[in-house]
>>> print(open('coords_33.cif').read())   # mmCIF, N, CA and C atoms
data_target
#
loop_
_atom_site.label_atom_id
_atom_site.label_comp_id
_atom_site.auth_asym_id
_atom_site.auth_seq_id
_atom_site.Cartn_x
_atom_site.Cartn_y
_atom_site.Cartn_z
N PHE A 1 1.17 6.57 1.68
CA PHE A 1 1.82 6.08 0.49
C PHE A 1 3.28 5.77 0.74
N LEU A 2 3.87 6.42 1.72
CA LEU A 2 5.28 6.26 2.00
C LEU A 2 5.64 4.80 2.26
N LYS A 3 4.76 4.09 2.92
CA LYS A 3 5.03 2.68 3.22
C LYS A 3 5.07 1.85 1.94
N ILE A 4 4.21 2.17 0.98
CA ILE A 4 4.22 1.47 -0.31
C ILE A 4 5.48 1.82 -1.07
N PHE A 5 5.85 3.09 -1.10
CA PHE A 5 7.06 3.49 -1.79
C PHE A 5 8.28 2.81 -1.19
N ALA A 6 8.30 2.63 0.13
CA ALA A 6 9.42 1.97 0.79
C ALA A 6 9.60 0.54 0.28
N ALA A 7 8.51 -0.12 -0.10
CA ALA A 7 8.61 -1.48 -0.64
C ALA A 7 9.34 -1.50 -1.98
N PHE A 8 9.40 -0.34 -2.66
CA PHE A 8 10.08 -0.23 -3.96
C PHE A 8 11.39 0.56 -3.86
N CYS A 9 11.88 0.76 -2.65
CA CYS A 9 13.17 1.41 -2.44
C CYS A 9 14.17 0.36 -1.98
N GLU A 10 15.31 0.32 -2.62
CA GLU A 10 16.33 -0.66 -2.28
C GLU A 10 16.80 -0.47 -0.83
N GLY A 11 16.80 -1.57 -0.07
CA GLY A 11 17.31 -1.55 1.29
C GLY A 11 16.20 -1.50 2.34
N THR A 12 16.60 -1.20 3.54
CA THR A 12 15.69 -1.18 4.68
C THR A 12 15.25 0.25 4.97
N SER A 13 13.95 0.45 5.03
CA SER A 13 13.39 1.74 5.42
C SER A 13 12.85 1.62 6.84
N CYS A 14 13.17 2.59 7.68
CA CYS A 14 12.68 2.62 9.05
C CYS A 14 11.87 3.90 9.22
N LEU A 15 10.59 3.74 9.45
CA LEU A 15 9.67 4.88 9.58
C LEU A 15 9.25 5.00 11.04
N GLU A 16 9.56 6.12 11.64
CA GLU A 16 9.29 6.33 13.06
C GLU A 16 7.90 6.92 13.29
N GLY A 17 7.40 6.74 14.51
CA GLY A 17 6.15 7.36 14.91
C GLY A 17 4.90 6.60 14.50
N VAL A 18 5.01 5.30 14.28
CA VAL A 18 3.84 4.55 13.80
C VAL A 18 2.82 4.28 14.90
N GLY A 19 3.18 4.50 16.15
CA GLY A 19 2.24 4.29 17.24
C GLY A 19 0.99 5.14 17.11
N ARG A 20 1.13 6.32 16.54
CA ARG A 20 -0.01 7.23 16.38
C ARG A 20 -1.02 6.72 15.36
N LEU A 21 -0.63 5.72 14.56
CA LEU A 21 -1.53 5.19 13.53
C LEU A 21 -2.55 4.19 14.08
N SER A 22 -2.43 3.82 15.33
CA SER A 22 -3.32 2.79 15.88
C SER A 22 -4.72 3.31 16.20
N ASN A 23 -4.90 4.60 16.26
CA ASN A 23 -6.21 5.15 16.63
C ASN A 23 -6.89 5.86 15.46
N LYS A 24 -6.75 5.34 14.29
CA LYS A 24 -7.37 5.92 13.10
C LYS A 24 -8.63 5.10 12.77
N GLU A 25 -9.09 5.18 11.53
CA GLU A 25 -10.28 4.42 11.13
C GLU A 25 -10.08 2.93 11.35
N SER A 26 -8.84 2.49 11.25
CA SER A 26 -8.47 1.12 11.57
C SER A 26 -7.19 1.23 12.39
N ASP A 27 -6.69 0.10 12.88
CA ASP A 27 -5.34 0.12 13.45
C ASP A 27 -4.43 0.14 12.24
N ARG A 28 -4.20 1.34 11.72
CA ARG A 28 -3.57 1.50 10.41
C ARG A 28 -2.17 0.89 10.35
N ALA A 29 -1.38 1.00 11.40
CA ALA A 29 -0.03 0.41 11.39
C ALA A 29 -0.12 -1.10 11.20
N LYS A 30 -0.99 -1.74 11.97
CA LYS A 30 -1.17 -3.19 11.86
C LYS A 30 -1.73 -3.55 10.47
N ALA A 31 -2.68 -2.76 9.99
CA ALA A 31 -3.27 -3.01 8.67
C ALA A 31 -2.23 -2.90 7.56
N ILE A 32 -1.34 -1.92 7.67
CA ILE A 32 -0.30 -1.74 6.66
C ILE A 32 0.66 -2.92 6.68
N ILE A 33 1.06 -3.36 7.87
CA ILE A 33 1.96 -4.51 7.97
C ILE A 33 1.30 -5.75 7.37
N GLU A 34 0.05 -5.98 7.69
CA GLU A 34 -0.66 -7.15 7.14
C GLU A 34 -0.77 -7.06 5.63
N MET A 35 -1.06 -5.86 5.10
CA MET A 35 -1.16 -5.66 3.66
C MET A 35 0.19 -5.93 2.99
N LEU A 36 1.25 -5.32 3.52
CA LEU A 36 2.57 -5.51 2.93
C LEU A 36 3.00 -6.97 2.98
N THR A 37 2.76 -7.62 4.10
CA THR A 37 3.12 -9.03 4.24
C THR A 37 2.35 -9.89 3.24
N GLN A 38 1.05 -9.64 3.09
CA GLN A 38 0.24 -10.37 2.12
C GLN A 38 0.77 -10.16 0.70
N MET A 39 1.33 -8.97 0.45
CA MET A 39 1.88 -8.66 -0.87
C MET A 39 3.28 -9.23 -1.08
N GLY A 40 3.84 -9.84 -0.04
CA GLY A 40 5.15 -10.46 -0.16
C GLY A 40 6.31 -9.59 0.27
N VAL A 41 6.04 -8.55 1.01
CA VAL A 41 7.08 -7.63 1.49
C VAL A 41 7.42 -7.98 2.93
N ASN A 42 8.72 -8.05 3.24
CA ASN A 42 9.13 -8.25 4.63
C ASN A 42 8.97 -6.92 5.35
N ALA A 43 8.07 -6.90 6.33
CA ALA A 43 7.79 -5.67 7.07
C ALA A 43 7.40 -6.04 8.50
N SER A 44 7.76 -5.17 9.42
CA SER A 44 7.42 -5.43 10.82
C SER A 44 7.35 -4.10 11.57
N ILE A 45 6.81 -4.19 12.78
CA ILE A 45 6.80 -3.04 13.68
C ILE A 45 7.69 -3.40 14.85
N GLU A 46 8.63 -2.52 15.10
CA GLU A 46 9.56 -2.69 16.22
C GLU A 46 9.48 -1.45 17.08
N GLY A 47 8.76 -1.56 18.20
CA GLY A 47 8.54 -0.40 19.05
C GLY A 47 7.63 0.58 18.34
N ASP A 48 8.14 1.79 18.12
CA ASP A 48 7.37 2.84 17.45
C ASP A 48 7.86 3.04 16.01
N GLU A 49 8.48 2.00 15.47
CA GLU A 49 9.09 2.10 14.15
C GLU A 49 8.58 0.98 13.23
N MET A 50 8.27 1.35 11.99
CA MET A 50 7.91 0.36 10.98
C MET A 50 9.15 0.10 10.15
N VAL A 51 9.49 -1.17 9.99
CA VAL A 51 10.68 -1.56 9.24
C VAL A 51 10.23 -2.30 7.99
N ILE A 52 10.66 -1.80 6.83
CA ILE A 52 10.22 -2.37 5.55
C ILE A 52 11.45 -2.67 4.72
N GLU A 53 11.57 -3.94 4.28
CA GLU A 53 12.66 -4.36 3.40
C GLU A 53 12.21 -4.13 1.96
N GLY A 54 12.88 -3.22 1.29
CA GLY A 54 12.47 -2.87 -0.06
C GLY A 54 13.41 -3.37 -1.15
N HIS A 55 12.85 -3.44 -2.34
CA HIS A 55 13.60 -3.79 -3.55
C HIS A 55 13.10 -2.87 -4.65
N SER A 56 14.01 -2.34 -5.44
CA SER A 56 13.60 -1.44 -6.51
C SER A 56 12.72 -2.19 -7.51
N LEU A 57 11.95 -1.44 -8.28
CA LEU A 57 11.10 -2.06 -9.30
C LEU A 57 11.95 -2.83 -10.29
N ALA A 58 13.10 -2.26 -10.68
CA ALA A 58 14.00 -2.96 -11.61
C ALA A 58 14.43 -4.30 -11.02
N GLN A 59 14.78 -4.32 -9.73
CA GLN A 59 15.16 -5.56 -9.07
C GLN A 59 14.01 -6.54 -9.03
N ARG A 60 12.82 -6.04 -8.73
CA ARG A 60 11.65 -6.91 -8.63
C ARG A 60 11.32 -7.57 -9.97
N LEU A 61 11.73 -6.96 -11.06
CA LEU A 61 11.47 -7.52 -12.38
C LEU A 61 12.47 -8.60 -12.77
N LEU A 62 13.59 -8.70 -12.05
CA LEU A 62 14.60 -9.72 -12.33
C LEU A 62 14.18 -11.06 -11.74
N ALA A 63 14.59 -12.12 -12.38
CA ALA A 63 14.23 -13.46 -11.92
C ALA A 63 14.79 -13.78 -10.53
N SER A 64 15.94 -13.20 -10.17
CA SER A 64 16.57 -13.52 -8.89
C SER A 64 16.01 -12.70 -7.73
N ALA A 65 15.19 -11.71 -8.02
CA ALA A 65 14.63 -10.84 -6.98
C ALA A 65 13.31 -11.42 -6.47
N PRO A 66 12.74 -10.80 -5.43
CA PRO A 66 11.49 -11.32 -4.87
C PRO A 66 10.27 -11.19 -5.77
N GLY A 67 10.37 -10.49 -6.85
CA GLY A 67 9.23 -10.36 -7.76
C GLY A 67 8.34 -9.19 -7.41
N LEU A 68 7.36 -8.98 -8.26
CA LEU A 68 6.40 -7.91 -8.04
C LEU A 68 5.57 -8.20 -6.80
N LEU A 69 4.88 -7.20 -6.31
CA LEU A 69 3.98 -7.41 -5.18
C LEU A 69 2.87 -8.36 -5.61
N ARG A 70 2.34 -9.11 -4.66
CA ARG A 70 1.28 -10.07 -4.98
C ARG A 70 -0.07 -9.37 -5.07
N GLY A 71 -0.76 -9.62 -6.17
CA GLY A 71 -2.12 -9.14 -6.30
C GLY A 71 -3.04 -10.05 -5.49
N GLY A 72 -4.32 -9.83 -5.61
CA GLY A 72 -5.29 -10.66 -4.90
C GLY A 72 -6.36 -9.81 -4.25
N SER A 73 -7.07 -10.41 -3.34
CA SER A 73 -8.16 -9.73 -2.63
C SER A 73 -7.61 -9.12 -1.34
N TYR A 74 -7.93 -7.86 -1.15
CA TYR A 74 -7.44 -7.12 0.02
C TYR A 74 -8.60 -6.39 0.69
N THR A 75 -8.46 -6.20 2.00
CA THR A 75 -9.46 -5.43 2.73
C THR A 75 -8.94 -4.02 2.99
N SER A 76 -9.81 -3.07 2.83
CA SER A 76 -9.46 -1.68 3.15
C SER A 76 -9.67 -1.39 4.63
N ARG A 77 -10.37 -2.30 5.29
CA ARG A 77 -10.79 -2.09 6.68
C ARG A 77 -11.64 -0.82 6.79
N HIS A 78 -12.29 -0.47 5.68
CA HIS A 78 -13.15 0.72 5.60
C HIS A 78 -12.36 1.99 5.95
N ASP A 79 -11.08 1.99 5.58
CA ASP A 79 -10.16 3.08 5.88
C ASP A 79 -9.74 3.72 4.55
N HIS A 80 -10.09 4.98 4.37
CA HIS A 80 -9.82 5.69 3.11
C HIS A 80 -8.35 5.68 2.71
N ARG A 81 -7.45 5.80 3.65
CA ARG A 81 -6.02 5.81 3.31
C ARG A 81 -5.51 4.44 2.89
N MET A 82 -6.11 3.39 3.41
CA MET A 82 -5.73 2.04 2.98
C MET A 82 -6.12 1.82 1.52
N VAL A 83 -7.27 2.36 1.12
CA VAL A 83 -7.69 2.24 -0.29
C VAL A 83 -6.66 2.91 -1.18
N MET A 84 -6.26 4.13 -0.82
CA MET A 84 -5.29 4.85 -1.64
C MET A 84 -3.96 4.11 -1.70
N ALA A 85 -3.51 3.57 -0.58
CA ALA A 85 -2.25 2.82 -0.56
C ALA A 85 -2.35 1.57 -1.43
N LEU A 86 -3.46 0.86 -1.34
CA LEU A 86 -3.65 -0.35 -2.15
C LEU A 86 -3.70 -0.04 -3.64
N LYS A 87 -4.33 1.07 -4.00
CA LYS A 87 -4.38 1.44 -5.43
C LYS A 87 -2.97 1.72 -5.96
N VAL A 88 -2.15 2.40 -5.17
CA VAL A 88 -0.77 2.67 -5.59
C VAL A 88 0.02 1.36 -5.64
N ALA A 89 -0.14 0.51 -4.65
CA ALA A 89 0.57 -0.78 -4.63
C ALA A 89 0.20 -1.62 -5.83
N ALA A 90 -1.04 -1.53 -6.28
CA ALA A 90 -1.49 -2.32 -7.42
C ALA A 90 -0.69 -2.03 -8.69
N LEU A 91 -0.09 -0.85 -8.76
CA LEU A 91 0.72 -0.49 -9.92
C LEU A 91 1.95 -1.38 -10.06
N GLY A 92 2.40 -1.95 -8.95
CA GLY A 92 3.57 -2.82 -8.97
C GLY A 92 3.24 -4.25 -8.60
N ALA A 93 2.00 -4.66 -8.85
CA ALA A 93 1.56 -6.01 -8.49
C ALA A 93 1.58 -6.94 -9.70
N ASP A 94 1.73 -8.22 -9.42
CA ASP A 94 1.80 -9.23 -10.47
C ASP A 94 0.45 -9.62 -11.04
N SER A 95 -0.61 -9.20 -10.39
CA SER A 95 -1.98 -9.47 -10.85
C SER A 95 -2.88 -8.41 -10.22
N PRO A 96 -4.14 -8.35 -10.64
CA PRO A 96 -5.02 -7.31 -10.10
C PRO A 96 -5.14 -7.35 -8.57
N VAL A 97 -5.29 -6.17 -8.01
CA VAL A 97 -5.56 -6.01 -6.58
C VAL A 97 -7.03 -5.64 -6.46
N VAL A 98 -7.79 -6.49 -5.79
CA VAL A 98 -9.22 -6.28 -5.61
C VAL A 98 -9.43 -5.80 -4.17
N ILE A 99 -10.05 -4.64 -4.04
CA ILE A 99 -10.25 -4.02 -2.72
C ILE A 99 -11.72 -4.13 -2.35
N ASP A 100 -12.00 -4.61 -1.15
CA ASP A 100 -13.38 -4.88 -0.74
C ASP A 100 -14.26 -3.64 -0.61
N ASP A 101 -13.72 -2.50 -0.23
CA ASP A 101 -14.54 -1.30 -0.03
C ASP A 101 -13.76 -0.08 -0.49
N GLU A 102 -13.89 0.25 -1.76
CA GLU A 102 -13.22 1.43 -2.29
C GLU A 102 -14.02 2.71 -2.01
N ALA A 103 -15.30 2.58 -1.75
CA ALA A 103 -16.16 3.75 -1.57
C ALA A 103 -15.76 4.59 -0.36
N CYS A 104 -15.13 3.99 0.62
CA CYS A 104 -14.77 4.74 1.83
C CYS A 104 -13.74 5.84 1.55
N VAL A 105 -13.10 5.79 0.39
CA VAL A 105 -12.12 6.83 0.03
C VAL A 105 -12.80 8.21 -0.07
N ALA A 106 -14.09 8.22 -0.24
CA ALA A 106 -14.84 9.48 -0.34
C ALA A 106 -14.73 10.33 0.92
N LYS A 107 -14.36 9.71 2.04
CA LYS A 107 -14.24 10.46 3.29
C LYS A 107 -13.26 11.63 3.16
N SER A 108 -12.14 11.40 2.47
CA SER A 108 -11.13 12.45 2.38
C SER A 108 -10.85 12.94 0.97
N PHE A 109 -11.22 12.13 -0.04
CA PHE A 109 -10.86 12.50 -1.42
C PHE A 109 -11.88 11.86 -2.36
N PRO A 110 -13.08 12.41 -2.43
CA PRO A 110 -14.16 11.80 -3.21
C PRO A 110 -13.81 11.55 -4.68
N GLN A 111 -12.92 12.33 -5.24
CA GLN A 111 -12.56 12.18 -6.67
C GLN A 111 -11.36 11.27 -6.88
N PHE A 112 -10.83 10.68 -5.82
CA PHE A 112 -9.59 9.92 -5.92
C PHE A 112 -9.64 8.83 -6.98
N LEU A 113 -10.64 7.97 -6.93
CA LEU A 113 -10.69 6.83 -7.85
C LEU A 113 -10.77 7.28 -9.30
N GLU A 114 -11.59 8.28 -9.54
CA GLU A 114 -11.73 8.80 -10.90
C GLU A 114 -10.41 9.44 -11.37
N LEU A 115 -9.80 10.24 -10.52
CA LEU A 115 -8.55 10.89 -10.87
C LEU A 115 -7.44 9.87 -11.06
N PHE A 116 -7.36 8.91 -10.18
CA PHE A 116 -6.34 7.86 -10.26
C PHE A 116 -6.43 7.13 -11.59
N ASP A 117 -7.64 6.71 -11.94
CA ASP A 117 -7.84 6.02 -13.22
C ASP A 117 -7.55 6.92 -14.42
N SER A 118 -7.80 8.21 -14.29
CA SER A 118 -7.61 9.12 -15.42
C SER A 118 -6.14 9.35 -15.76
N VAL A 119 -5.25 9.17 -14.82
CA VAL A 119 -3.82 9.41 -15.09
C VAL A 119 -3.08 8.15 -15.54
N LEU A 120 -3.76 7.01 -15.50
CA LEU A 120 -3.13 5.76 -15.91
C LEU A 120 -3.32 5.53 -17.41
N PRO A 121 -2.34 4.90 -18.04
CA PRO A 121 -2.57 4.49 -19.43
C PRO A 121 -3.78 3.56 -19.50
N LYS A 122 -4.53 3.64 -20.55
CA LYS A 122 -5.76 2.85 -20.69
C LYS A 122 -5.49 1.35 -20.55
N THR A 123 -4.28 0.89 -20.82
CA THR A 123 -3.95 -0.53 -20.70
C THR A 123 -3.91 -0.99 -19.26
N LEU A 124 -3.76 -0.06 -18.30
CA LEU A 124 -3.69 -0.41 -16.89
C LEU A 124 -5.02 -0.28 -16.17
N VAL A 125 -5.99 0.36 -16.78
CA VAL A 125 -7.28 0.60 -16.11
C VAL A 125 -8.18 -0.60 -16.28
#
>>> encode(input="coords_33.cif", output="structure tokens")
Amino acid sequence: FLKIFAAFCEGTSCLEGVGRLSNKESDRAKAIIEMLTQMGVNASIEGDEMVIEGHSLAQRLLASAPGLLRGGSYTSRHDHRMVMALKVAALGADSPVVIDDEACVAKSFPQFLELFDSVLPKTLV
């Protein structure tokens, strides 16, 4: 989730140690960069560091800012953590975020989708 939060933090976030993410259910570092880029966030991997250019939610709501994250169709790459990150990112998206395989979240948190929906106002579900 930290990578998603960085997209909503003003300035540049540099997260170290991303090399270890390449041997997970997906190449998670690459998947995160592709997801953030598709959502309109400037993000890259430089060596063992992920660099994310963030803007606060207040800034994203202003006409002169880059705007909310882009909704659309996204792949989880059958990776439970990607589903969770996409669900959180959807909270700051300009349109719905459709995830191809949400069921894989059951690997680590079977109740995640139900719990996530239960804490949102009914207008967002």
>>> resolve_selection(input="coords_33.cif", expression="the PyMOL selection byres ((chain A and resi 28-43) around 5)", output="PyMOL selection string")
chain A and resi 21-22+26-27+44-45+51-53+69-70
>>> atom_distance(input="coords_33.cif", atom1="CA of Glu49 (chain A)", atom2="CA of Glu16 (chain A)")
4.4 Å
>>> resolve_selection(input="coords_33.cif", expression="the PyMOL selection byres ((chain A and resi 11) around 7)", output="mmCIF file with N, CA and C atoms, keeping the file's coordinate frame")
data_model
loop_
_atom_site.group_PDB
_atom_site.id
_atom_site.type_symbol
_atom_site.label_atom_id
_atom_site.label_comp_id
_atom_site.auth_asym_id
_atom_site.auth_seq_id
_atom_site.Cartn_x
_atom_site.Cartn_y
_atom_site.Cartn_z
ATOM 1 N N PHE A 8 9.400 -0.340 -2.660
ATOM 2 C CA PHE A 8 10.080 -0.230 -3.960
ATOM 3 C C PHE A 8 11.390 0.560 -3.860
ATOM 4 N N CYS A 9 11.880 0.760 -2.650
ATOM 5 C CA CYS A 9 13.170 1.410 -2.440
ATOM 6 C C CYS A 9 14.170 0.360 -1.980
ATOM 7 N N GLU A 10 15.310 0.320 -2.620
ATOM 8 C CA GLU A 10 16.330 -0.660 -2.280
ATOM 9 C C GLU A 10 16.800 -0.470 -0.830
ATOM 10 N N THR A 12 16.600 -1.200 3.540
ATOM 11 C CA THR A 12 15.690 -1.180 4.680
ATOM 12 C C THR A 12 15.250 0.250 4.970
ATOM 13 N N SER A 13 13.950 0.450 5.030
ATOM 14 C CA SER A 13 13.390 1.740 5.420
ATOM 15 C C SER A 13 12.850 1.620 6.840
ATOM 16 N N ILE A 52 10.660 -1.800 6.830
ATOM 17 C CA ILE A 52 10.220 -2.370 5.550
ATOM 18 C C ILE A 52 11.450 -2.670 4.720
ATOM 19 N N GLU A 53 11.570 -3.940 4.280
ATOM 20 C CA GLU A 53 12.660 -4.360 3.400
ATOM 21 C C GLU A 53 12.210 -4.130 1.960
ATOM 22 N N GLY A 54 12.880 -3.220 1.290
ATOM 23 C CA GLY A 54 12.470 -2.870 -0.060
ATOM 24 C C GLY A 54 13.410 -3.370 -1.150
ATOM 25 N N HIS A 55 12.850 -3.440 -2.340
ATOM 26 C CA HIS A 55 13.600 -3.790 -3.550
ATOM 27 C C HIS A 55 13.100 -2.870 -4.650
ATOM 28 N N SER A 56 14.010 -2.340 -5.440
ATOM 29 C CA SER A 56 13.600 -1.440 -6.510
ATOM 30 C C SER A 56 12.720 -2.190 -7.510
#
>>> atom_distance(input="coords_33.cif", atom1="atom N of Phe109 (chain A)", atom2="atom C of Arg81 (chain A)")
10.0 Å
>>> resolve_selection(input="coords_33.cif", expression="the PyMOL selection byres ((chain A and resi 104) around 8)", output="PyMOL selection string")
chain A and resi 78-81+83+100-103+105-110
>>> write_last_selection(input="coords_33.cif", atoms="N, CA and C atoms", output="compact mmCIF listing (two decimals), in the coordinates of the input")
# COMPACT_ATOMS: atom_id res chain seq x y z
N HIS A 78 -12.29 -0.47 5.68
CA HIS A 78 -13.15 0.72 5.60
C HIS A 78 -12.36 1.99 5.95
N ASP A 79 -11.08 1.99 5.58
CA ASP A 79 -10.16 3.08 5.88
C ASP A 79 -9.74 3.72 4.55
N HIS A 80 -10.09 4.98 4.37
CA HIS A 80 -9.82 5.69 3.11
C HIS A 80 -8.35 5.68 2.71
N ARG A 81 -7.45 5.80 3.65
CA ARG A 81 -6.02 5.81 3.31
C ARG A 81 -5.51 4.44 2.89
N VAL A 83 -7.27 2.36 1.12
CA VAL A 83 -7.69 2.24 -0.29
C VAL A 83 -6.66 2.91 -1.18
N ASP A 100 -12.00 -4.61 -1.15
CA ASP A 100 -13.38 -4.88 -0.74
C ASP A 100 -14.26 -3.64 -0.61
N ASP A 101 -13.72 -2.50 -0.23
CA ASP A 101 -14.54 -1.30 -0.03
C ASP A 101 -13.76 -0.08 -0.49
N GLU A 102 -13.89 0.25 -1.76
CA GLU A 102 -13.22 1.43 -2.29
C GLU A 102 -14.02 2.71 -2.01
N ALA A 103 -15.30 2.58 -1.75
CA ALA A 103 -16.16 3.75 -1.57
C ALA A 103 -15.76 4.59 -0.36
N VAL A 105 -13.10 5.79 0.39
CA VAL A 105 -12.12 6.83 0.03
C VAL A 105 -12.80 8.21 -0.07
N ALA A 106 -14.09 8.22 -0.24
CA ALA A 106 -14.84 9.48 -0.34
C ALA A 106 -14.73 10.33 0.92
N LYS A 107 -14.36 9.71 2.04
CA LYS A 107 -14.24 10.46 3.29
C LYS A 107 -13.26 11.63 3.16
N SER A 108 -12.14 11.40 2.47
CA SER A 108 -11.13 12.45 2.38
C SER A 108 -10.85 12.94 0.97
N PHE A 109 -11.22 12.13 -0.04
CA PHE A 109 -10.86 12.50 -1.42
C PHE A 109 -11.88 11.86 -2.36
N PRO A 110 -13.08 12.41 -2.43
CA PRO A 110 -14.16 11.80 -3.21
C PRO A 110 -13.81 11.55 -4.68
>>> select_by_dssp(input="coords_33.cif", residues="chain A", states="strand (DSSP E)", output="MDAnalysis selection string")
chainID A and resid 11:16 43:46 49:54 72:74 97:99
>>> select_by_dssp(input="coords_33.cif", residues="region 56-103 of chain A", states="helix (DSSP H, G or I)", output="PyMOL selection string")
chain A and resi 57-61+80-90+103
>>> residues_around(input="coords_33.cif", residues="Asp48 (chain A)", least_positions_apart="4", cutoff="8 Å", atoms="all atoms listed in the file", output="MDAnalysis selection string")
chainID A and resid 14:20
>>> atom_distance(input="coords_33.cif", atom1="atom N of Leu91 (chain A)", atom2="atom C of Met50 (chain A)")
21.1 Å
>>> residues_near_point(input="coords_33.cif", point="(-7.7, -0.8, -2.8)", cutoff="5 Å", atoms="all atoms listed in the file", output="ChimeraX atom specification")
/A:83,86-87,99
>>> axis_aligned_box(input="coords_33.cif", around="region 46-53 of chain A", padding_each_side="3 Å", output="AutoDock Vina command-line options")
--center_x 10.0 --center_y -0.7 --center_z 10.5 --size_x 11.3 --size_y 13.4 --size_z 23.1
>>> decode(input="coords_33.cif", residues="region 23-63 of chain A", atoms="C-alpha atoms", output="PDB file, in the first residue's frame")
ATOM      1  CA  ASN A  23      10.407 -13.012  -6.932  1.00  0.00           C
ATOM      2  CA  LYS A  24       6.863 -12.857  -5.579  1.00  0.00           C
ATOM      3  CA  GLU A  25       3.609 -14.067  -7.169  1.00  0.00           C
ATOM      4  CA  SER A  26       4.419 -11.608  -9.942  1.00  0.00           C
ATOM      5  CA  ASP A  27       7.384  -9.353 -10.615  1.00  0.00           C
ATOM      6  CA  ARG A  28       5.691  -7.077  -8.120  1.00  0.00           C
ATOM      7  CA  ALA A  29       8.032  -4.080  -8.548  1.00  0.00           C
ATOM      8  CA  LYS A  30       7.476  -4.063 -12.314  1.00  0.00           C
ATOM      9  CA  ALA A  31       3.734  -4.644 -11.825  1.00  0.00           C
ATOM     10  CA  ILE A  32       3.489  -1.713  -9.406  1.00  0.00           C
ATOM     11  CA  ILE A  33       5.328   0.605 -11.800  1.00  0.00           C
ATOM     12  CA  GLU A  34       3.073  -0.441 -14.685  1.00  0.00           C
ATOM     13  CA  MET A  35      -0.040   0.037 -12.515  1.00  0.00           C
ATOM     14  CA  LEU A  36       1.047   3.472 -11.295  1.00  0.00           C
ATOM     15  CA  THR A  37       2.010   4.573 -14.800  1.00  0.00           C
ATOM     16  CA  GLN A  38      -1.340   3.394 -16.198  1.00  0.00           C
ATOM     17  CA  MET A  39      -3.003   5.427 -13.433  1.00  0.00           C
ATOM     18  CA  GLY A  40      -1.106   8.539 -14.520  1.00  0.00           C
ATOM     19  CA  VAL A  41       1.583   8.600 -11.832  1.00  0.00           C
ATOM     20  CA  ASN A  42       5.209   9.304 -12.730  1.00  0.00           C
ATOM     21  CA  ALA A  43       7.065   6.331 -11.268  1.00  0.00           C
ATOM     22  CA  SER A  44      10.226   4.444 -12.088  1.00  0.00           C
ATOM     23  CA  ILE A  45      12.754   1.981 -10.740  1.00  0.00           C
ATOM     24  CA  GLU A  46      16.299   3.219 -10.406  1.00  0.00           C
ATOM     25  CA  GLY A  47      18.611   0.461  -9.232  1.00  0.00           C
ATOM     26  CA  ASP A  48      17.067  -0.968  -6.065  1.00  0.00           C
ATOM     27  CA  GLU A  49      14.858   2.071  -5.494  1.00  0.00           C
ATOM     28  CA  MET A  50      11.313   2.892  -6.592  1.00  0.00           C
ATOM     29  CA  VAL A  51      10.815   6.598  -7.283  1.00  0.00           C
ATOM     30  CA  ILE A  52       7.257   7.941  -7.199  1.00  0.00           C
ATOM     31  CA  GLU A  53       6.236  11.537  -7.929  1.00  0.00           C
ATOM     32  CA  GLY A  54       3.286  12.272  -5.688  1.00  0.00           C
ATOM     33  CA  HIS A  55       0.624  14.937  -5.383  1.00  0.00           C
ATOM     34  CA  SER A  56      -1.699  15.348  -2.425  1.00  0.00           C
ATOM     35  CA  LEU A  57      -5.373  14.523  -2.884  1.00  0.00           C
ATOM     36  CA  ALA A  58      -6.184  18.225  -2.446  1.00  0.00           C
ATOM     37  CA  GLN A  59      -3.742  19.062  -5.253  1.00  0.00           C
ATOM     38  CA  ARG A  60      -5.134  16.323  -7.467  1.00  0.00           C
ATOM     39  CA  LEU A  61      -8.594  17.861  -7.122  1.00  0.00           C
ATOM     40  CA  LEU A  62      -7.390  21.244  -8.439  1.00  0.00           C
ATOM     41  CA  ALA A  63      -7.663  21.989 -12.145  1.00  0.00           C
TER      42      ALA A  63
END
